[in-house]
Each structure stands twice: as structure tokens, then as C-alpha cells.
$ cat target_22.txt   # compact mmCIF, C-alpha atoms
# COMPACT_ATOMS: atom_id res chain seq x y z
CA MET P 1 17.76 -19.03 14.62
CA ARG P 2 15.34 -19.24 17.54
CA PHE P 3 15.34 -22.68 19.08
CA LEU P 4 13.35 -23.77 22.13
CA LEU P 5 12.97 -27.32 23.37
CA ASP P 6 9.42 -28.58 23.67
CA ALA P 7 8.01 -30.03 26.88
CA GLU P 8 8.59 -33.62 25.80
CA GLN P 9 12.25 -32.96 25.04
CA ARG P 10 12.79 -31.18 28.34
CA ASP P 11 11.10 -33.98 30.26
CA PHE P 12 13.25 -36.56 28.46
CA ALA P 13 16.47 -34.80 29.46
CA THR P 14 15.26 -34.26 33.03
CA SER P 15 14.25 -37.89 33.53
CA LEU P 16 17.55 -39.14 32.11
CA ASN P 17 19.46 -36.79 34.39
CA ALA P 18 17.53 -38.03 37.42
CA MET P 19 18.08 -41.67 36.53
CA LEU P 20 21.82 -41.21 36.08
CA ALA P 21 22.15 -39.12 39.24
CA ALA P 22 20.87 -42.09 41.23
CA ALA P 23 23.19 -44.59 39.52
CA ASP P 24 26.49 -43.83 41.34
CA THR P 25 28.31 -43.49 38.04
CA PRO P 26 31.76 -42.76 39.59
CA SER P 27 31.91 -46.32 40.92
CA VAL P 28 30.72 -47.64 37.56
CA VAL P 29 33.48 -45.69 35.81
CA ARG P 30 36.14 -47.08 38.13
CA ASP P 31 34.90 -50.65 37.61
CA TRP P 32 34.93 -50.08 33.85
CA SER P 33 38.50 -48.77 33.97
CA ARG P 34 39.59 -52.05 35.53
CA GLY P 35 37.84 -54.08 32.84
CA HIS P 36 34.89 -55.04 35.07
CA HIS P 37 31.78 -54.39 33.00
CA THR P 38 28.94 -55.86 35.09
CA SER P 39 27.77 -52.60 36.64
CA GLY P 40 28.38 -50.76 33.37
CA ARG P 41 26.27 -53.19 31.38
CA ALA P 42 23.46 -52.88 33.92
CA LEU P 43 23.55 -49.10 33.53
CA TRP P 44 23.72 -49.53 29.74
CA ARG P 45 20.46 -51.48 29.80
CA ARG P 46 18.77 -48.76 31.83
CA ILE P 47 19.94 -46.14 29.34
CA ALA P 48 18.63 -48.31 26.50
CA ASP P 49 15.29 -48.69 28.29
CA ALA P 50 15.08 -44.91 28.31
CA GLY P 51 15.23 -45.07 24.51
CA VAL P 52 18.62 -43.43 23.99
CA PHE P 53 20.12 -45.92 21.52
CA ALA P 54 16.85 -46.31 19.64
CA LEU P 55 17.08 -42.61 18.74
CA ALA P 56 19.81 -43.45 16.20
CA VAL P 57 18.01 -46.45 14.69
CA PRO P 58 15.30 -45.95 12.03
CA GLU P 59 11.79 -47.22 12.76
CA THR P 60 12.28 -49.80 10.00
CA TYR P 61 14.71 -51.59 12.31
CA GLU P 62 12.67 -51.23 15.53
CA GLY P 63 14.13 -47.88 16.50
CA LEU P 64 12.73 -44.39 17.10
CA GLY P 65 14.96 -42.35 14.83
CA PRO P 66 16.86 -40.85 13.43
CA ARG P 67 16.34 -38.02 15.95
CA PRO P 68 19.53 -35.96 16.25
CA VAL P 69 18.13 -33.32 18.60
CA GLU P 70 17.03 -35.88 21.18
CA LEU P 71 20.34 -37.69 20.76
CA ALA P 72 22.19 -34.47 21.54
CA LEU P 73 20.10 -33.89 24.65
CA ALA P 74 20.74 -37.46 25.82
CA PHE P 75 24.49 -37.22 25.33
CA VAL P 76 24.70 -34.00 27.32
CA GLU P 77 23.32 -35.96 30.28
CA LEU P 78 25.57 -38.96 29.60
CA GLY P 79 28.57 -36.61 29.64
CA ARG P 80 27.31 -34.80 32.74
CA HIS P 81 27.41 -38.10 34.64
CA ALA P 82 30.61 -39.48 33.01
CA VAL P 83 28.87 -42.65 31.82
CA PRO P 84 31.54 -45.01 30.44
CA GLY P 85 31.44 -47.21 27.36
CA PRO P 86 31.28 -46.89 23.58
CA LEU P 87 28.22 -44.66 23.67
CA VAL P 88 29.19 -42.46 20.72
CA GLU P 89 30.47 -45.48 18.82
CA THR P 90 27.21 -47.39 19.25
CA VAL P 91 25.02 -44.65 17.79
CA THR P 92 27.63 -44.01 15.09
CA ALA P 93 27.71 -47.70 14.16
CA SER P 94 23.91 -47.71 14.07
CA THR P 95 23.90 -44.74 11.71
CA LEU P 96 26.46 -46.38 9.45
CA LEU P 97 24.59 -49.69 9.30
CA ALA P 98 21.32 -47.91 8.52
CA SER P 99 23.03 -46.06 5.64
CA LEU P 100 24.19 -49.19 3.80
CA ASP P 101 22.67 -50.07 0.44
CA ASP P 102 22.60 -53.71 1.51
CA THR P 103 19.98 -53.93 4.26
CA GLY P 104 21.10 -57.38 5.35
CA PRO P 105 23.59 -56.24 8.03
CA ALA P 106 21.14 -53.61 9.27
CA LYS P 107 18.32 -56.13 9.68
CA ARG P 108 20.65 -58.49 11.48
CA LEU P 109 22.36 -56.05 13.86
CA LEU P 110 20.28 -52.92 14.39
CA PRO P 111 17.27 -54.25 16.37
CA SER P 112 19.46 -55.51 19.22
CA LEU P 113 21.46 -52.25 19.22
CA ALA P 114 18.24 -50.26 19.51
CA THR P 115 17.08 -52.24 22.55
CA GLY P 116 20.47 -52.30 24.25
CA GLU P 117 20.78 -56.07 24.06
CA SER P 118 23.97 -55.51 22.06
CA THR P 119 26.68 -52.89 22.26
CA ALA P 120 28.77 -51.71 19.33
CA THR P 121 32.05 -50.01 18.66
CA LEU P 122 33.44 -48.57 15.46
CA ALA P 123 37.07 -48.15 14.44
CA THR P 124 38.30 -45.95 11.61
CA GLY P 125 41.96 -46.21 12.57
CA SER P 126 44.47 -48.31 14.45
CA TYR P 127 42.58 -48.45 17.74
CA THR P 128 39.09 -49.56 18.77
CA LEU P 129 37.34 -48.25 21.86
CA ASP P 130 36.07 -50.88 24.34
CA ALA P 131 36.51 -53.73 21.86
CA ASP P 132 36.67 -56.19 24.75
CA MET P 133 33.03 -55.67 25.77
CA ALA P 134 31.37 -54.69 22.48
CA ASP P 135 29.18 -57.32 20.86
CA VAL P 136 29.40 -55.68 17.43
CA ARG P 137 32.88 -54.53 16.39
CA LEU P 138 32.86 -52.62 13.11
CA ALA P 139 36.10 -51.61 11.43
CA VAL P 140 36.52 -49.33 8.44
CA SER P 141 39.68 -49.98 6.47
CA ALA P 142 40.93 -47.80 3.62
CA CYS P 143 43.78 -50.13 2.72
CA PRO P 144 43.55 -51.86 0.39
CA THR P 145 41.26 -49.57 -1.56
CA PRO P 146 38.31 -49.41 -1.92
CA THR P 147 37.17 -48.69 1.64
CA GLU P 148 35.84 -51.77 3.39
CA LEU P 149 33.49 -52.14 6.33
CA ARG P 150 34.10 -55.35 8.25
CA LEU P 151 32.72 -57.08 11.31
CA ALA P 152 35.99 -57.38 13.22
CA PRO P 153 36.99 -60.30 15.45
CA PRO P 154 37.60 -59.89 19.21
CA PRO P 155 40.86 -58.18 20.21
CA GLY P 156 43.86 -60.39 20.61
CA HIS P 157 45.88 -58.06 22.85
CA PRO P 158 45.39 -56.27 26.18
CA PRO P 159 44.32 -52.61 26.09
CA SER P 160 46.82 -49.90 25.27
CA PRO P 161 47.46 -47.01 27.68
CA SER P 162 44.84 -44.29 27.41
CA LEU P 163 44.65 -40.74 28.71
CA ASP P 164 41.19 -41.53 30.07
CA PRO P 165 41.37 -44.90 31.88
CA ALA P 166 37.65 -45.41 31.25
CA ARG P 167 38.26 -45.26 27.50
CA ARG P 168 39.91 -48.65 26.93
CA LEU P 169 41.69 -48.73 23.58
CA PHE P 170 42.55 -51.95 21.75
CA LYS P 171 44.50 -52.42 18.56
CA THR P 172 42.10 -53.00 15.70
CA PRO P 173 42.47 -56.62 14.46
CA LEU P 174 42.61 -57.38 10.77
CA GLY P 175 40.10 -59.48 8.90
CA GLY P 176 36.53 -60.33 9.73
CA GLU P 177 33.29 -60.58 7.76
CA LEU P 178 33.02 -58.08 4.91
CA LEU P 179 29.78 -56.12 5.30
CA ALA P 180 30.14 -53.43 2.63
CA THR P 181 32.52 -51.83 0.16
CA ASP P 182 32.78 -48.04 0.04
CA PRO P 183 30.19 -47.51 2.81
CA PRO P 184 28.68 -44.01 3.19
CA LEU P 185 30.75 -42.66 6.07
CA ALA P 186 29.59 -39.03 6.06
CA PRO P 187 26.29 -39.53 7.97
CA ALA P 188 28.04 -41.62 10.61
CA LEU P 189 30.79 -39.02 11.07
CA LEU P 190 28.18 -36.31 11.58
CA ILE P 191 26.50 -38.29 14.35
CA ALA P 192 29.87 -39.13 15.92
CA ARG P 193 30.92 -35.49 16.07
CA LEU P 194 27.50 -34.25 17.22
CA THR P 195 27.22 -36.71 20.09
CA THR P 196 30.87 -36.17 21.07
CA ALA P 197 30.19 -32.43 21.22
CA ALA P 198 27.11 -33.00 23.38
CA GLN P 199 29.02 -35.37 25.66
CA ALA P 200 31.78 -32.78 26.02
CA LEU P 201 29.23 -30.10 26.94
CA GLY P 202 27.82 -32.33 29.68
CA THR P 203 31.34 -33.06 30.91
CA GLY P 204 32.12 -29.36 31.10
CA LEU P 205 28.88 -28.58 32.93
CA ALA P 206 29.66 -31.24 35.53
CA LEU P 207 33.17 -29.85 36.03
CA LEU P 208 31.78 -26.34 36.44
CA ASP P 209 29.11 -27.42 38.95
CA ARG P 210 31.61 -29.36 41.04
CA THR P 211 34.08 -26.50 41.02
CA VAL P 212 31.46 -23.97 42.10
CA VAL P 213 30.60 -26.18 45.07
CA HIS P 214 34.29 -26.54 45.92
CA VAL P 215 35.12 -22.81 45.87
CA LYS P 216 32.20 -22.10 48.18
CA GLN P 217 33.60 -24.54 50.74
CA ARG P 218 37.36 -23.98 50.49
CA THR P 219 38.62 -21.02 52.47
CA GLN P 220 41.75 -18.88 52.39
CA PHE P 221 42.49 -15.81 54.48
CA GLY P 222 39.28 -16.47 56.39
CA ALA P 223 36.96 -16.35 53.37
CA PRO P 224 35.69 -18.79 50.74
CA ILE P 225 37.89 -18.61 47.66
CA GLY P 226 34.72 -18.29 45.59
CA SER P 227 34.37 -14.75 46.92
CA PHE P 228 37.64 -13.70 45.26
CA GLN P 229 37.18 -11.70 42.09
CA ALA P 230 39.82 -13.64 40.14
CA VAL P 231 38.04 -16.92 40.89
CA LYS P 232 34.67 -15.48 39.89
CA HIS P 233 36.10 -14.31 36.57
CA GLN P 234 37.57 -17.72 35.75
CA LEU P 235 34.28 -19.48 36.49
CA ALA P 236 32.30 -16.88 34.57
CA ASP P 237 34.52 -17.34 31.52
CA ALA P 238 34.04 -21.12 31.70
CA ALA P 239 30.26 -20.78 32.09
CA ILE P 240 30.00 -18.40 29.13
CA ALA P 241 32.06 -20.72 26.92
CA LEU P 242 29.85 -23.70 27.77
CA GLU P 243 26.60 -21.80 27.28
CA PHE P 244 27.83 -20.51 23.93
CA ALA P 245 28.36 -24.12 22.83
CA ARG P 246 24.84 -25.25 23.72
CA PRO P 247 22.92 -23.45 20.92
CA LEU P 248 25.58 -24.49 18.40
CA ILE P 249 24.98 -28.14 19.30
CA LEU P 250 21.20 -27.83 19.08
CA GLY P 251 21.45 -25.85 15.86
CA ALA P 252 23.78 -28.46 14.36
CA ALA P 253 21.34 -31.21 15.36
CA LEU P 254 18.67 -29.40 13.34
CA THR P 255 20.69 -28.76 10.19
CA MET P 256 23.07 -31.75 10.30
CA THR P 257 25.54 -30.09 7.94
CA GLU P 258 29.27 -30.77 8.09
CA GLU P 259 30.07 -27.14 8.80
CA ASP P 260 27.57 -26.72 11.65
CA VAL P 261 28.44 -30.02 13.31
CA ALA P 262 32.18 -29.32 13.11
CA ALA P 263 31.64 -25.85 14.62
CA ALA P 264 29.62 -27.34 17.46
CA LYS P 265 32.23 -30.02 18.06
CA VAL P 266 35.23 -27.71 18.28
CA THR P 267 33.35 -25.13 20.36
CA ALA P 268 31.97 -27.61 22.90
CA CYS P 269 35.18 -29.59 23.26
CA GLU P 270 37.34 -26.50 23.65
CA ALA P 271 34.90 -25.10 26.22
CA ALA P 272 34.97 -28.35 28.19
CA TYR P 273 38.77 -28.47 28.03
CA ARG P 274 39.00 -24.88 29.23
CA THR P 275 36.62 -25.66 32.08
CA ALA P 276 38.71 -28.71 33.00
CA ARG P 277 41.84 -26.57 33.26
CA THR P 278 40.00 -24.04 35.40
CA ALA P 279 38.58 -26.77 37.62
CA LEU P 280 42.01 -28.30 38.11
CA GLN P 281 43.57 -24.97 39.02
CA LEU P 282 40.86 -24.04 41.52
CA HIS P 283 40.86 -27.43 43.20
CA GLY P 284 44.60 -27.33 43.76
CA ALA P 285 46.59 -30.47 44.47
CA ILE P 286 43.55 -32.61 45.22
CA GLY P 287 42.43 -32.22 41.60
CA TYR P 288 45.41 -34.29 40.44
CA THR P 289 44.51 -37.36 42.49
CA ALA P 290 42.85 -40.30 40.75
CA GLU P 291 40.91 -41.10 43.94
CA TYR P 292 39.07 -37.79 43.74
CA ASP P 293 35.97 -37.98 41.54
CA LEU P 294 36.85 -34.79 39.67
CA SER P 295 39.55 -36.72 37.81
CA LEU P 296 36.90 -38.80 36.03
CA TRP P 297 35.63 -35.71 34.24
CA LEU P 298 39.05 -34.08 33.80
CA THR P 299 40.45 -36.97 31.78
CA ARG P 300 37.21 -37.33 29.82
CA ALA P 301 37.29 -33.69 28.74
CA ARG P 302 40.83 -34.06 27.45
CA ALA P 303 40.08 -37.29 25.58
CA LEU P 304 36.91 -35.98 23.93
CA ARG P 305 38.79 -32.95 22.62
CA THR P 306 40.45 -35.05 19.91
CA ALA P 307 37.92 -37.88 19.55
CA TRP P 308 36.27 -38.01 16.10
CA GLY P 309 38.14 -35.02 14.82
CA SER P 310 40.79 -32.79 16.36
CA PRO P 311 40.13 -29.07 16.86
CA ASP P 312 42.25 -28.29 13.78
CA GLU P 313 40.33 -30.79 11.63
CA CYS P 314 37.00 -29.34 12.72
CA ARG P 315 38.17 -25.80 12.10
CA ASP P 316 39.33 -26.79 8.62
CA THR P 317 35.86 -28.20 7.92
CA VAL P 318 34.23 -24.97 9.04
CA LEU P 319 36.59 -22.80 7.00
CA SER P 320 36.16 -24.95 3.89
CA GLY P 321 32.38 -24.58 4.16
CA GLY P 322 31.45 -28.27 4.23
CA ASP P 323 27.93 -28.64 2.92
CA ARG P 324 26.97 -32.33 2.93
CA ARG P 325 23.67 -33.02 4.67
CA TRP P 326 22.29 -36.05 6.40
$ encode --input "target_22.txt" --output "C-alpha cells"
Amino acid sequence: MRFLLDAEQRDFATSLNAMLAAADTPSVVRDWSRGHHTSGRALWRRIADAGVFALAVPETYEGLGPRPVELALAFVELGRHAVPGPLVETVTASTLLASLDDTGPAKRLLPSLATGESTATLATGSYTLDADMADVRLAVSACPTPTELRLAPPPGHPPSPSLDPARRLFKTPLGGELLATDPPLAPALLIARLTTAAQALGTGLALLDRTVVHVKQRTQFGAPIGSFQAVKHQLADAAIALEFARPLILGAALTMTEEDVAAAKVTACEAAYRTARTALQLHGAIGYTAEYDLSLWLTRARALRTAWGSPDECRDTVLSGGDRRW
């Protein structure tokens, strides 16, 4: 498959990258980790103004989508700048609401999600990401059967410990308004895995860029460590792994099949995780410190590796030849 981005797509990614580069996202991430969402919500509105969340909402509900390729490009940049919040969950919730047979919930909730006036999170298990700040909290429960989609109440407990402090996890509360029975989950899962893969790719690229800068500046034996062959090989391996993931993500965004999306997800997340380990090793002791900005991407890479499907689950999907399409 030959795939080239058009000028409009390239300009979209470039403008989003420039906007986020000027936003001082490390300070936003640290505020978010402490439960202070003011700066994060301000950044969220700017991302929404750029049209990111509208890409997952059909035009019927005042959106621009669905446009998976543009969503993937956007989430690479969101990952590159470590933007916090339920980004994947919002576009996943939008996809799920748009897929319902009953259009009532979609008409009620999707327009504000497209414009960024509302944020959403979606839980398919025991924990909900950023439930304390989300305006729309969707929960999918398989017990009792059949599967139910509910509009969950606010969390009643403080957040649970999380590997990535910026990913605040709350126990999913029971009850809430019933929106649908046996909702179509497959399209939403595809979007969740695709955007997680793209976010992981951006995270890995940021880790690689920061490490390259570091090894040019840090010296040992009178020379920059970046001049050592062993260091060059480690960085080259990380760069190759990340670049191999990029076409898989774009190809999956075109086909939107279970198999292609799962392959993109496992490849991108494993590449980002490998890059994180390399970055940590080459930074030395400073890489372990929470005060150093590198840690914001290190913990994100590890958390994304198992979000919306572990590597083993994604590999099983690829090997079983999943063939459902969006």
C-alpha cells in the first residue's frame, strides 16, 4: 500500500504541533496530576477549536467525521506533547454514541463533545479514567447480561494509584441512566485502539527527540556520549521501531479492520515502550526523577502499552484474523 498525506493533512498536523509546543504542556500535566484541571481544560478547548474532537463526531451531530486518518494524525501530536486527559476516551465515547440505534443520547450529548464544551470518559471495567473532571461518564457493564451502556454518576471515592500520575483512575460507580442495551462496541474499540496507538507513537517520538538532545550534551571521557557506537545503535533501533509503526497506524486508519488496528496498536505501543527504556538508560539517574520532564513521557509510554488491549490481546486478534469493519 502506498500512502501519502495530502497538503491539508500535513498542515493540520503541523499547526496542531505548533499550538501544543507553545502551550507548556509539562506544567499542564503536573497540574492535572494533582487534580487541578483549570489549565488542562483551557488547553482542551484550544484542541477542540482545532477540530480534533469533531473528527470523531458525524456531521449529523455537528461534527466533521468520522475521519480516522485525521484522528490518528492528531493523536500523534497529542502524544508528542503529553497532553493529559481522557482524550482517547472522549473520541471513543463519541464513536459509541454515534453507533447507537437510539439517536436520542447522540443528539443530546454529541454536539457538546464535538465543540469541546463537554468532556467524556468511557469505562469498560472496574476503573474510569479522569471521572472527576469528565462531564459525560459512560460505563459499559456486562453483568447482569445483556450488556448495558449507562450514564454513570460522579465518582464517590478518591483516585486509585496509577502508574502514570496524569492518568487518574477512579472506581466505576454502579447505576446511572440506562442509555442502551447491547450497544455496538466494536466500532468504539477500533477507535480506542487506533488513537491509543497514535498517542503512543507521538510519545515515543518525543522520548527519542529528547534523548538525542541529551546524548549530544552529556559527555564522558571527554566526548559526547552520542558519539559512542553503542549509543548510536540503541537510538537507531528505537527510531526504526517507531518509523515502522507509523505506516501501520495510517494503514489501519484507512482500512479500520480489527486485525490492522490491533497490529498497529501492539507495534506502536511496543516501540514506544522500547524507546522509553532506551531513553531511561541513556539519561542515567536523572531519568528516574519525577521533577525531570522526561518522566512525563516515560510513565505515559508504559501506561499506554496496556490501555485498550494488552500486547497479548492485540496479538491474539491479529493471529485470529479479525475481520470486522467500521
$ residues_near_point --input "target_22.txt" --point "(18.5, -33.7, 28.3)" --cutoff "8 Å" --atoms "only C-alpha atoms" --output "number ranges by chain"
P: 9-17, 70, 72-77
$ closest_residue --input "target_22.txt" --among "P:Ala186, P:Ala271, P:Met133, P:Leu179" --to "His36 in chain P" --atoms "only C-alpha atoms"
P:Met133
$ atom_distance --input "target_22.txt" --atom1 "CA of Lys216 in chain P" --atom2 "CA of Gln281 in chain P"
14.9 Å
$ residues_near_point --input "target_22.txt" --point "(19.9, -50.9, 30.9)" --cutoff "12 Å" --atoms "all atoms listed in the file" --output "PDB file with C-alpha atoms, in the coordinates of the input"
ATOM      1  CA  MET P  19      18.080 -41.670  36.530  1.00  0.00           C
ATOM      2  CA  LEU P  20      21.820 -41.210  36.080  1.00  0.00           C
ATOM      3  CA  ALA P  23      23.190 -44.590  39.520  1.00  0.00           C
ATOM      4  CA  THR P  38      28.940 -55.860  35.090  1.00  0.00           C
ATOM      5  CA  SER P  39      27.770 -52.600  36.640  1.00  0.00           C
ATOM      6  CA  GLY P  40      28.380 -50.760  33.370  1.00  0.00           C
ATOM      7  CA  ARG P  41      26.270 -53.190  31.380  1.00  0.00           C
ATOM      8  CA  ALA P  42      23.460 -52.880  33.920  1.00  0.00           C
ATOM      9  CA  LEU P  43      23.550 -49.100  33.530  1.00  0.00           C
ATOM     10  CA  TRP P  44      23.720 -49.530  29.740  1.00  0.00           C
ATOM     11  CA  ARG P  45      20.460 -51.480  29.800  1.00  0.00           C
ATOM     12  CA  ARG P  46      18.770 -48.760  31.830  1.00  0.00           C
ATOM     13  CA  ILE P  47      19.940 -46.140  29.340  1.00  0.00           C
ATOM     14  CA  ALA P  48      18.630 -48.310  26.500  1.00  0.00           C
ATOM     15  CA  ASP P  49      15.290 -48.690  28.290  1.00  0.00           C
ATOM     16  CA  ALA P  50      15.080 -44.910  28.310  1.00  0.00           C
ATOM     17  CA  GLY P  51      15.230 -45.070  24.510  1.00  0.00           C
ATOM     18  CA  VAL P  52      18.620 -43.430  23.990  1.00  0.00           C
ATOM     19  CA  PHE P  53      20.120 -45.920  21.520  1.00  0.00           C
ATOM     20  CA  LEU P 113      21.460 -52.250  19.220  1.00  0.00           C
ATOM     21  CA  ALA P 114      18.240 -50.260  19.510  1.00  0.00           C
ATOM     22  CA  THR P 115      17.080 -52.240  22.550  1.00  0.00           C
ATOM     23  CA  GLY P 116      20.470 -52.300  24.250  1.00  0.00           C
ATOM     24  CA  GLU P 117      20.780 -56.070  24.060  1.00  0.00           C
ATOM     25  CA  SER P 118      23.970 -55.510  22.060  1.00  0.00           C
ATOM     26  CA  THR P 119      26.680 -52.890  22.260  1.00  0.00           C
TER      27      THR P 119
END
$ atom_distance --input "target_22.txt" --atom1 "CA of Ile225 in chain P" --atom2 "CA of Gly287 in chain P"
15.6 Å
$ closest_residue --input "target_22.txt" --among "P:Asp316, P:Ala276, P:Leu304, P:Gly35" --to "Ala206 in chain P" --atoms "all atoms listed in the file"
P:Ala276
$ closest_residue --input "target_22.txt" --among "P:Ser227, P:Ala197, P:Ser310, P:Asp293" --to "Thr267 in chain P" --atoms "all atoms listed in the file"
P:Ala197
$ axis_aligned_box --input "target_22.txt" --around "range 190-196 of chain P" --padding-each-side "8 Å" --output "lines of an AutoDock Vina configuration file"
center_x = 28.7
center_y = -36.7
center_z = 16.3
size_x = 20.4
size_y = 20.9
size_z = 25.5
$ closest_residue --input "target_22.txt" --among "P:Asp182, P:Asp312, P:Asp101, P:Asp209" --to "Thr147 in chain P" --atoms "all atoms listed in the file"
P:Asp182
$ residues_around --input "target_22.txt" --residues "Asp164 in chain P" --least-positions-apart "5" --cutoff "9 Å" --atoms "all atoms listed in the file" --output "list in words"
Ser33, Leu296, Leu298, Thr299, Arg300, Ala301, Arg302 and Ala303 of chain P
$ closest_residue --input "target_22.txt" --among "P:Pro311, P:Thr255, P:Leu250, P:Ala131" --to "Arg168 in chain P" --atoms "all atoms listed in the file"
P:Ala131
$ atom_distance --input "target_22.txt" --atom1 "CA of Val213 in chain P" --atom2 "CA of Leu4 in chain P"
28.8 Å
$ closest_residue --input "target_22.txt" --among "P:Gly85, P:Gly226, P:Gly79, P:Pro187" --to "Ala56 in chain P" --atoms "all atoms listed in the file"
P:Pro187
